[in-house]
Every structure is written in C-alpha cells, then in structure tokens.
file model.txt (compact mmCIF, N, CA and C atoms)
# COMPACT_ATOMS: atom_id res chain seq x y z
N MET A 1323 -13.02 -2.78 8.62
CA MET A 1323 -12.03 -3.81 8.48
C MET A 1323 -11.26 -3.61 7.17
N THR A 1324 -9.97 -3.66 7.25
CA THR A 1324 -9.12 -3.56 6.07
C THR A 1324 -8.44 -4.90 5.87
N ALA A 1325 -8.25 -5.27 4.63
CA ALA A 1325 -7.54 -6.51 4.33
C ALA A 1325 -6.63 -6.26 3.14
N TRP A 1326 -5.53 -6.98 3.11
CA TRP A 1326 -4.62 -6.87 1.98
C TRP A 1326 -5.34 -7.32 0.72
N TYR A 1327 -4.97 -6.73 -0.41
CA TYR A 1327 -5.51 -7.17 -1.70
C TYR A 1327 -4.91 -8.51 -2.06
N SER A 1328 -5.73 -9.36 -2.68
CA SER A 1328 -5.26 -10.65 -3.16
C SER A 1328 -6.11 -11.06 -4.36
N THR A 1329 -5.71 -12.13 -5.00
CA THR A 1329 -6.47 -12.60 -6.17
C THR A 1329 -7.69 -13.42 -5.75
N THR A 1330 -7.84 -13.71 -4.47
CA THR A 1330 -9.00 -14.48 -4.03
C THR A 1330 -10.28 -13.66 -4.09
N ASP A 1331 -10.19 -12.35 -3.94
CA ASP A 1331 -11.36 -11.47 -4.05
C ASP A 1331 -11.19 -10.59 -5.28
N GLN A 1332 -11.42 -11.19 -6.44
CA GLN A 1332 -11.19 -10.49 -7.71
C GLN A 1332 -12.15 -9.32 -7.91
N GLU A 1333 -13.36 -9.42 -7.40
CA GLU A 1333 -14.32 -8.33 -7.54
C GLU A 1333 -13.81 -7.08 -6.83
N ARG A 1334 -13.31 -7.25 -5.61
CA ARG A 1334 -12.75 -6.12 -4.86
C ARG A 1334 -11.53 -5.55 -5.56
N LEU A 1335 -10.65 -6.45 -6.03
CA LEU A 1335 -9.44 -6.00 -6.72
C LEU A 1335 -9.78 -5.21 -7.97
N LEU A 1336 -10.70 -5.73 -8.78
CA LEU A 1336 -11.07 -5.05 -10.03
C LEU A 1336 -11.82 -3.75 -9.79
N SER A 1337 -12.51 -3.63 -8.67
CA SER A 1337 -13.19 -2.36 -8.40
C SER A 1337 -12.18 -1.27 -8.05
N ALA A 1338 -11.03 -1.68 -7.49
CA ALA A 1338 -9.98 -0.72 -7.16
C ALA A 1338 -8.98 -0.54 -8.29
N TRP A 1339 -8.77 -1.59 -9.07
CA TRP A 1339 -7.77 -1.57 -10.15
C TRP A 1339 -8.36 -2.30 -11.34
N GLU A 1340 -9.08 -1.56 -12.18
CA GLU A 1340 -9.83 -2.21 -13.27
C GLU A 1340 -8.95 -2.89 -14.31
N ASP A 1341 -7.68 -2.49 -14.41
CA ASP A 1341 -6.76 -3.10 -15.37
C ASP A 1341 -5.87 -4.17 -14.74
N ALA A 1342 -6.23 -4.65 -13.56
CA ALA A 1342 -5.43 -5.68 -12.89
C ALA A 1342 -5.30 -6.89 -13.81
N PRO A 1343 -4.10 -7.46 -13.88
CA PRO A 1343 -3.88 -8.59 -14.79
C PRO A 1343 -4.41 -9.91 -14.23
N ILE A 1344 -5.72 -9.98 -13.94
CA ILE A 1344 -6.27 -11.18 -13.31
C ILE A 1344 -6.37 -12.37 -14.25
N GLU A 1345 -6.22 -12.12 -15.56
CA GLU A 1345 -6.25 -13.25 -16.49
C GLU A 1345 -5.06 -14.18 -16.25
N ASP A 1346 -3.99 -13.66 -15.69
CA ASP A 1346 -2.85 -14.46 -15.26
C ASP A 1346 -2.80 -14.35 -13.73
N GLU A 1347 -3.58 -15.21 -13.08
CA GLU A 1347 -3.76 -15.11 -11.64
C GLU A 1347 -2.45 -15.25 -10.87
N GLU A 1348 -1.56 -16.09 -11.36
CA GLU A 1348 -0.29 -16.29 -10.66
C GLU A 1348 0.55 -15.01 -10.67
N THR A 1349 0.69 -14.38 -11.83
CA THR A 1349 1.45 -13.13 -11.93
C THR A 1349 0.81 -12.04 -11.10
N CYS A 1350 -0.50 -11.94 -11.18
CA CYS A 1350 -1.21 -10.93 -10.39
C CYS A 1350 -0.98 -11.17 -8.90
N GLY A 1351 -1.02 -12.41 -8.48
CA GLY A 1351 -0.75 -12.75 -7.08
C GLY A 1351 0.67 -12.39 -6.68
N PHE A 1352 1.63 -12.65 -7.59
CA PHE A 1352 3.02 -12.27 -7.32
C PHE A 1352 3.15 -10.76 -7.14
N LEU A 1353 2.49 -9.99 -8.00
CA LEU A 1353 2.55 -8.52 -7.91
C LEU A 1353 2.01 -8.04 -6.57
N LEU A 1354 0.83 -8.55 -6.19
CA LEU A 1354 0.20 -8.11 -4.95
C LEU A 1354 1.01 -8.53 -3.72
N GLU A 1355 1.54 -9.74 -3.73
CA GLU A 1355 2.32 -10.21 -2.58
C GLU A 1355 3.66 -9.48 -2.48
N THR A 1356 4.30 -9.25 -3.63
CA THR A 1356 5.56 -8.51 -3.63
C THR A 1356 5.33 -7.09 -3.13
N ALA A 1357 4.27 -6.46 -3.59
CA ALA A 1357 3.95 -5.10 -3.14
C ALA A 1357 3.68 -5.09 -1.63
N ARG A 1358 2.95 -6.09 -1.13
CA ARG A 1358 2.66 -6.17 0.32
C ARG A 1358 3.96 -6.31 1.11
N ILE A 1359 4.87 -7.16 0.65
CA ILE A 1359 6.15 -7.36 1.32
C ILE A 1359 6.96 -6.07 1.32
N GLN A 1360 6.97 -5.35 0.19
CA GLN A 1360 7.72 -4.10 0.10
C GLN A 1360 7.14 -3.04 1.03
N VAL A 1361 5.82 -2.97 1.10
CA VAL A 1361 5.17 -2.00 1.99
C VAL A 1361 5.54 -2.31 3.44
N LEU A 1362 5.45 -3.58 3.83
CA LEU A 1362 5.78 -3.94 5.21
C LEU A 1362 7.25 -3.73 5.53
N ALA A 1363 8.12 -3.94 4.55
CA ALA A 1363 9.55 -3.73 4.77
C ALA A 1363 9.85 -2.25 4.99
N TYR A 1364 9.12 -1.37 4.32
CA TYR A 1364 9.34 0.07 4.47
C TYR A 1364 8.61 0.65 5.68
N ALA A 1365 7.54 -0.02 6.08
CA ALA A 1365 6.69 0.50 7.16
C ALA A 1365 7.41 0.48 8.50
N PRO A 1366 6.99 1.37 9.40
CA PRO A 1366 7.51 1.30 10.76
C PRO A 1366 7.15 -0.05 11.38
N GLU A 1367 7.71 -0.37 12.52
CA GLU A 1367 7.50 -1.69 13.12
C GLU A 1367 6.05 -2.03 13.40
N SER A 1368 5.26 -1.08 13.82
CA SER A 1368 3.85 -1.38 14.11
C SER A 1368 3.07 -1.44 12.81
N ALA A 1369 3.13 -2.60 12.16
CA ALA A 1369 2.56 -2.75 10.82
C ALA A 1369 1.12 -3.26 10.82
N THR A 1370 0.47 -3.32 11.95
CA THR A 1370 -0.94 -3.67 11.97
C THR A 1370 -1.69 -2.53 12.63
N LEU A 1371 -2.96 -2.45 12.31
CA LEU A 1371 -3.78 -1.40 12.89
C LEU A 1371 -3.82 -1.54 14.41
N GLY A 1372 -3.95 -2.76 14.90
CA GLY A 1372 -3.98 -2.99 16.35
C GLY A 1372 -2.71 -2.52 17.02
N ALA A 1373 -1.57 -2.84 16.41
CA ALA A 1373 -0.28 -2.43 16.99
C ALA A 1373 -0.13 -0.91 16.95
N ALA A 1374 -0.54 -0.30 15.84
CA ALA A 1374 -0.45 1.15 15.73
C ALA A 1374 -1.35 1.85 16.76
N LEU A 1375 -2.58 1.33 16.91
CA LEU A 1375 -3.49 1.91 17.90
C LEU A 1375 -2.97 1.69 19.32
N GLU A 1376 -2.45 0.50 19.57
CA GLU A 1376 -1.91 0.20 20.89
C GLU A 1376 -0.76 1.15 21.23
N GLU A 1377 0.11 1.38 20.26
CA GLU A 1377 1.25 2.28 20.44
C GLU A 1377 0.76 3.71 20.71
N THR A 1378 -0.22 4.15 19.95
CA THR A 1378 -0.76 5.51 20.11
C THR A 1378 -1.45 5.66 21.46
N LEU A 1379 -2.28 4.70 21.82
CA LEU A 1379 -2.98 4.78 23.10
C LEU A 1379 -2.01 4.74 24.27
N ALA A 1380 -0.96 3.94 24.16
CA ALA A 1380 0.05 3.87 25.23
C ALA A 1380 0.73 5.21 25.40
N ARG A 1381 0.98 5.89 24.30
CA ARG A 1381 1.62 7.20 24.36
C ARG A 1381 0.79 8.19 25.17
N PHE A 1382 -0.54 8.01 25.14
CA PHE A 1382 -1.42 8.92 25.86
C PHE A 1382 -1.95 8.31 27.16
N GLY A 1383 -1.36 7.18 27.58
CA GLY A 1383 -1.77 6.54 28.82
C GLY A 1383 -3.18 5.99 28.79
N ALA A 1384 -3.63 5.54 27.64
CA ALA A 1384 -5.00 5.04 27.51
C ALA A 1384 -5.04 3.62 26.95
N SER A 1385 -4.06 2.80 27.26
CA SER A 1385 -3.96 1.44 26.73
C SER A 1385 -5.17 0.58 27.03
N GLU A 1386 -5.82 0.85 28.16
CA GLU A 1386 -6.97 0.03 28.56
C GLU A 1386 -8.16 0.19 27.61
N HIS A 1387 -8.12 1.17 26.73
CA HIS A 1387 -9.23 1.42 25.80
C HIS A 1387 -9.03 0.77 24.43
N LEU A 1388 -7.97 -0.02 24.26
CA LEU A 1388 -7.66 -0.61 22.96
C LEU A 1388 -8.81 -1.44 22.41
N ALA A 1389 -9.36 -2.32 23.19
CA ALA A 1389 -10.45 -3.18 22.72
C ALA A 1389 -11.65 -2.34 22.27
N ALA A 1390 -11.97 -1.31 23.02
CA ALA A 1390 -13.11 -0.45 22.66
C ALA A 1390 -12.85 0.30 21.36
N VAL A 1391 -11.63 0.79 21.19
CA VAL A 1391 -11.30 1.52 19.96
C VAL A 1391 -11.34 0.58 18.76
N LEU A 1392 -10.76 -0.62 18.90
CA LEU A 1392 -10.80 -1.59 17.80
C LEU A 1392 -12.24 -1.95 17.44
N ALA A 1393 -13.09 -2.12 18.45
CA ALA A 1393 -14.50 -2.42 18.19
C ALA A 1393 -15.19 -1.25 17.51
N LEU A 1394 -14.85 -0.04 17.94
CA LEU A 1394 -15.46 1.17 17.38
C LEU A 1394 -15.16 1.31 15.88
N VAL A 1395 -13.94 1.01 15.49
CA VAL A 1395 -13.57 1.14 14.07
C VAL A 1395 -13.82 -0.15 13.29
N GLY A 1396 -14.37 -1.17 13.97
CA GLY A 1396 -14.69 -2.42 13.30
C GLY A 1396 -13.46 -3.15 12.81
N ALA A 1397 -12.41 -3.14 13.61
CA ALA A 1397 -11.14 -3.74 13.20
C ALA A 1397 -10.74 -4.86 14.13
N ASP A 1398 -9.79 -5.60 13.67
CA ASP A 1398 -9.17 -6.67 14.44
C ASP A 1398 -7.73 -6.26 14.68
N ARG A 1399 -7.11 -6.80 15.72
CA ARG A 1399 -5.71 -6.46 16.02
C ARG A 1399 -4.78 -6.75 14.84
N ALA A 1400 -5.13 -7.71 14.01
CA ALA A 1400 -4.24 -8.10 12.91
C ALA A 1400 -4.50 -7.35 11.61
N ASP A 1401 -5.53 -6.52 11.57
CA ASP A 1401 -5.83 -5.79 10.34
C ASP A 1401 -4.73 -4.79 10.02
N PRO A 1402 -4.28 -4.74 8.77
CA PRO A 1402 -3.29 -3.73 8.40
C PRO A 1402 -3.94 -2.35 8.33
N PRO A 1403 -3.19 -1.29 8.61
CA PRO A 1403 -3.75 0.06 8.46
C PRO A 1403 -4.18 0.30 7.01
N PHE A 1404 -5.22 1.09 6.82
CA PHE A 1404 -5.76 1.32 5.48
C PHE A 1404 -4.72 1.93 4.54
N ASN A 1405 -3.83 2.79 5.07
CA ASN A 1405 -2.85 3.42 4.19
C ASN A 1405 -1.84 2.39 3.67
N TYR A 1406 -1.57 1.33 4.42
CA TYR A 1406 -0.67 0.28 3.94
C TYR A 1406 -1.34 -0.50 2.81
N VAL A 1407 -2.63 -0.76 2.96
CA VAL A 1407 -3.38 -1.49 1.93
C VAL A 1407 -3.43 -0.66 0.64
N PHE A 1408 -3.66 0.64 0.79
CA PHE A 1408 -3.67 1.53 -0.37
C PHE A 1408 -2.29 1.56 -1.03
N ALA A 1409 -1.25 1.63 -0.21
CA ALA A 1409 0.12 1.63 -0.75
C ALA A 1409 0.41 0.31 -1.46
N GLN A 1410 -0.09 -0.80 -0.93
CA GLN A 1410 0.09 -2.10 -1.59
C GLN A 1410 -0.51 -2.07 -2.99
N LEU A 1411 -1.72 -1.55 -3.10
CA LEU A 1411 -2.39 -1.48 -4.40
C LEU A 1411 -1.60 -0.62 -5.38
N ARG A 1412 -1.18 0.55 -4.94
CA ARG A 1412 -0.44 1.47 -5.81
C ARG A 1412 0.93 0.88 -6.20
N GLN A 1413 1.59 0.20 -5.26
CA GLN A 1413 2.88 -0.40 -5.56
C GLN A 1413 2.71 -1.55 -6.55
N ALA A 1414 1.66 -2.34 -6.41
CA ALA A 1414 1.40 -3.43 -7.37
C ALA A 1414 1.18 -2.85 -8.77
N GLN A 1415 0.47 -1.73 -8.84
CA GLN A 1415 0.27 -1.08 -10.14
C GLN A 1415 1.60 -0.60 -10.71
N ASN A 1416 2.44 -0.02 -9.86
CA ASN A 1416 3.77 0.44 -10.31
C ASN A 1416 4.61 -0.73 -10.81
N LEU A 1417 4.58 -1.84 -10.08
CA LEU A 1417 5.34 -3.01 -10.50
C LEU A 1417 4.86 -3.54 -11.84
N TRP A 1418 3.55 -3.55 -12.03
CA TRP A 1418 2.96 -4.00 -13.30
C TRP A 1418 3.39 -3.08 -14.44
N LYS A 1419 3.31 -1.78 -14.20
CA LYS A 1419 3.71 -0.81 -15.23
C LYS A 1419 5.21 -0.91 -15.52
N ALA A 1420 6.01 -1.14 -14.49
CA ALA A 1420 7.45 -1.25 -14.68
C ALA A 1420 7.81 -2.44 -15.56
N GLY A 1421 6.99 -3.48 -15.52
CA GLY A 1421 7.23 -4.66 -16.35
C GLY A 1421 6.73 -4.51 -17.76
N SER A 1422 6.06 -3.41 -18.07
CA SER A 1422 5.52 -3.24 -19.41
C SER A 1422 6.02 -1.95 -20.08
N VAL A 1423 7.23 -1.54 -19.74
CA VAL A 1423 7.79 -0.33 -20.34
C VAL A 1423 8.58 -0.68 -21.59
N ASN A 1424 8.87 0.34 -22.41
CA ASN A 1424 9.64 0.10 -23.63
C ASN A 1424 11.14 0.08 -23.31
N SER A 1425 11.95 -0.11 -24.32
CA SER A 1425 13.39 -0.24 -24.11
C SER A 1425 14.04 1.04 -23.58
N GLN A 1426 13.38 2.18 -23.72
CA GLN A 1426 13.90 3.44 -23.17
C GLN A 1426 13.43 3.66 -21.73
N GLY A 1427 12.70 2.70 -21.18
CA GLY A 1427 12.25 2.83 -19.79
C GLY A 1427 11.01 3.67 -19.65
N GLN A 1428 10.22 3.79 -20.72
CA GLN A 1428 9.02 4.61 -20.66
C GLN A 1428 7.81 3.83 -21.15
N GLN A 1429 6.66 4.24 -20.68
CA GLN A 1429 5.41 3.63 -21.10
C GLN A 1429 4.52 4.74 -21.61
N GLY A 1430 3.83 4.51 -22.69
CA GLY A 1430 2.91 5.50 -23.19
C GLY A 1430 2.88 5.51 -24.70
N VAL A 1431 2.06 6.42 -25.23
CA VAL A 1431 1.93 6.55 -26.67
C VAL A 1431 2.25 7.98 -27.06
N GLU A 1432 2.80 8.13 -28.26
CA GLU A 1432 3.16 9.43 -28.80
C GLU A 1432 4.03 10.21 -27.82
N GLN A 1433 3.67 11.45 -27.50
CA GLN A 1433 4.51 12.26 -26.64
C GLN A 1433 4.23 12.05 -25.15
N PHE A 1434 3.19 11.29 -24.80
CA PHE A 1434 2.85 11.07 -23.40
C PHE A 1434 3.54 9.81 -22.92
N THR A 1435 4.40 9.95 -21.92
CA THR A 1435 5.13 8.79 -21.40
C THR A 1435 5.08 8.77 -19.89
N PHE A 1436 5.34 7.62 -19.35
CA PHE A 1436 5.37 7.41 -17.92
C PHE A 1436 6.59 6.55 -17.59
N THR A 1437 7.40 7.00 -16.68
CA THR A 1437 8.55 6.22 -16.25
C THR A 1437 8.29 5.77 -14.82
N PRO A 1438 8.00 4.48 -14.62
CA PRO A 1438 7.69 4.01 -13.27
C PRO A 1438 8.92 3.96 -12.37
N ARG A 1439 8.72 4.20 -11.11
CA ARG A 1439 9.77 4.15 -10.11
C ARG A 1439 9.33 3.19 -9.01
N PRO A 1440 10.11 2.16 -8.70
CA PRO A 1440 9.72 1.24 -7.64
C PRO A 1440 9.68 1.94 -6.28
N LEU A 1441 8.63 1.69 -5.53
CA LEU A 1441 8.38 2.30 -4.22
C LEU A 1441 8.75 3.79 -4.25
N ASP A 1442 8.05 4.49 -5.12
CA ASP A 1442 8.36 5.90 -5.34
C ASP A 1442 7.99 6.77 -4.14
N LYS A 1443 8.33 8.03 -4.24
CA LYS A 1443 8.15 8.99 -3.15
C LYS A 1443 6.69 9.08 -2.70
N THR A 1444 5.77 9.00 -3.64
CA THR A 1444 4.35 9.09 -3.30
C THR A 1444 3.93 7.91 -2.43
N ILE A 1445 4.35 6.72 -2.82
CA ILE A 1445 3.99 5.53 -2.06
C ILE A 1445 4.67 5.53 -0.69
N ARG A 1446 5.91 5.95 -0.64
CA ARG A 1446 6.60 6.05 0.66
C ARG A 1446 5.86 7.03 1.57
N GLY A 1447 5.33 8.11 0.99
CA GLY A 1447 4.57 9.08 1.77
C GLY A 1447 3.24 8.53 2.26
N ILE A 1448 2.66 7.59 1.51
CA ILE A 1448 1.42 6.94 1.96
C ILE A 1448 1.72 6.05 3.16
N ILE A 1449 2.84 5.35 3.10
CA ILE A 1449 3.20 4.43 4.18
C ILE A 1449 3.65 5.19 5.43
N ARG A 1450 4.52 6.17 5.25
CA ARG A 1450 5.05 6.96 6.36
C ARG A 1450 4.77 8.44 6.10
N PRO A 1451 3.55 8.89 6.41
CA PRO A 1451 3.23 10.30 6.17
C PRO A 1451 4.12 11.22 6.98
N THR A 1452 4.45 12.36 6.39
CA THR A 1452 5.23 13.34 7.13
C THR A 1452 4.27 14.26 7.86
N ASP A 1453 4.74 14.89 8.90
CA ASP A 1453 3.85 15.73 9.70
C ASP A 1453 3.71 17.14 9.13
N GLY A 1454 4.47 17.47 8.11
CA GLY A 1454 4.37 18.79 7.49
C GLY A 1454 5.09 19.89 8.24
N LYS A 1455 5.77 19.53 9.31
CA LYS A 1455 6.50 20.53 10.09
C LYS A 1455 7.95 20.57 9.62
N PRO A 1456 8.53 21.73 9.51
CA PRO A 1456 9.94 21.80 9.10
C PRO A 1456 10.85 21.24 10.18
N ASP A 1457 11.94 20.65 9.73
CA ASP A 1457 12.92 20.15 10.68
C ASP A 1457 13.65 21.33 11.30
N VAL A 1458 13.83 21.28 12.62
CA VAL A 1458 14.51 22.34 13.33
C VAL A 1458 15.77 21.74 13.95
N TYR A 1459 16.89 22.38 13.72
CA TYR A 1459 18.17 21.88 14.22
C TYR A 1459 18.62 22.63 15.44
call {"tool": "encode", "arguments": {"input": "model.txt", "output": "structure tokens"}}
result
Amino acid sequence: MTAWYSTTDQERLLSAWEDAPIEDEETCGFLLETARIQVLAYAPESATLGAALEETLARFGASEHLAAVLALVGADRADPPFNYVFAQLRQAQNLWKAGSVNSQGQQGVEQFTFTPRPLDKTIRGIIRPTDGKPDVY
C-alpha cells in the first residue's frame, strides 16, 4: 500500500526526509500538498495505482484480473503509484530548498552550491518514465 506523504504521519515523513520542516507543521503541510498537486497535474490521467493497473490489464485483455492483481500487491484502487509518492517527496524537498536560497538563487556553503529547479527533469522522469527507445520518424 502506498499513501501520499502528509504531516499526520511524522515518523514516516522523517524517516524519508530527516530535514523535513515539521516544526512548522502548516508550512510542511503546504509543501507536501503543493508537491502532490504538482505531481498529479504533470502525471498522465491514470493517477492511481488501480487506474494504471486497470488500463494496463485492459491493454492485454485481462481486465477481469484487476481485483486479484490489486490484492496481490496489497493495494487499493485509490492508492497512488509508488513513483508518484516518491516524486511528491522529492518535489516537496525541492520546494523547501527553493525557499531557502540566497539572493543569487543558490544554496550552499563556500564553493558548493545548489540551484533548485521546480519540477525538474529528474522528478518529471520519476512521474513519466521514458522507455529508453529512440524516437523514430
């Protein structure tokens, strides 16, 4: 079972993101919810695990096996795919870092800097993985 990150399960959140700003629960909640909304906005239409499995099984003419597959993976039709949940976490971290950069748009000390990018290429690739095949025209 996969679930979106939220401030209600702080132990789970801190095990995945030890620097999460949970001391300000409202801001942390805003970050996680904004990241979830951005992930869903970028995601293909089948934004739940059940919908994605249903779509895949239909493609192979095996729709009648949906309930068995969901039971096998211990999921519910409304559970988000794990890669969306991972992307939510990474996007929340990016949003947090973006809010704590210096006036030059960088974060870091001495010569080591980090310039955050909202919904960057890595996160987009987590949400919509490419198949690795070259485009043929």
call {"tool": "residues_around", "arguments": {"input": "model.txt", "residues": "Pro1366 of chain A", "least_positions_apart": "4", "cutoff": "7 Å", "atoms": "all atoms listed in the file", "output": "list in words"}}
result
Leu1362, Ile1449 and Arg1450 of chain A
call {"tool": "closest_residue", "arguments": {"input": "model.txt", "among": "A:Thr1349, A:Pro1343, A:Tyr1364, A:Ala1374", "to": "Pro1403 of chain A", "atoms": "only N, CA and C atoms"}}
result
A:Ala1374
call {"tool": "atom_distance", "arguments": {"input": "model.txt", "atom1": "atom C of Trp1326 of chain A", "atom2": "atom CA of Trp1339 of chain A"}}
result
12.5 Å
call {"tool": "atom_distance", "arguments": {"input": "model.txt", "atom1": "atom C of Ala1409 of chain A", "atom2": "atom CA of Leu1335 of chain A"}}
result
12.8 Å
call {"tool": "atom_distance", "arguments": {"input": "model.txt", "atom1": "atom N of Phe1408 of chain A", "atom2": "atom CA of Val1361 of chain A"}}
result
9.3 Å
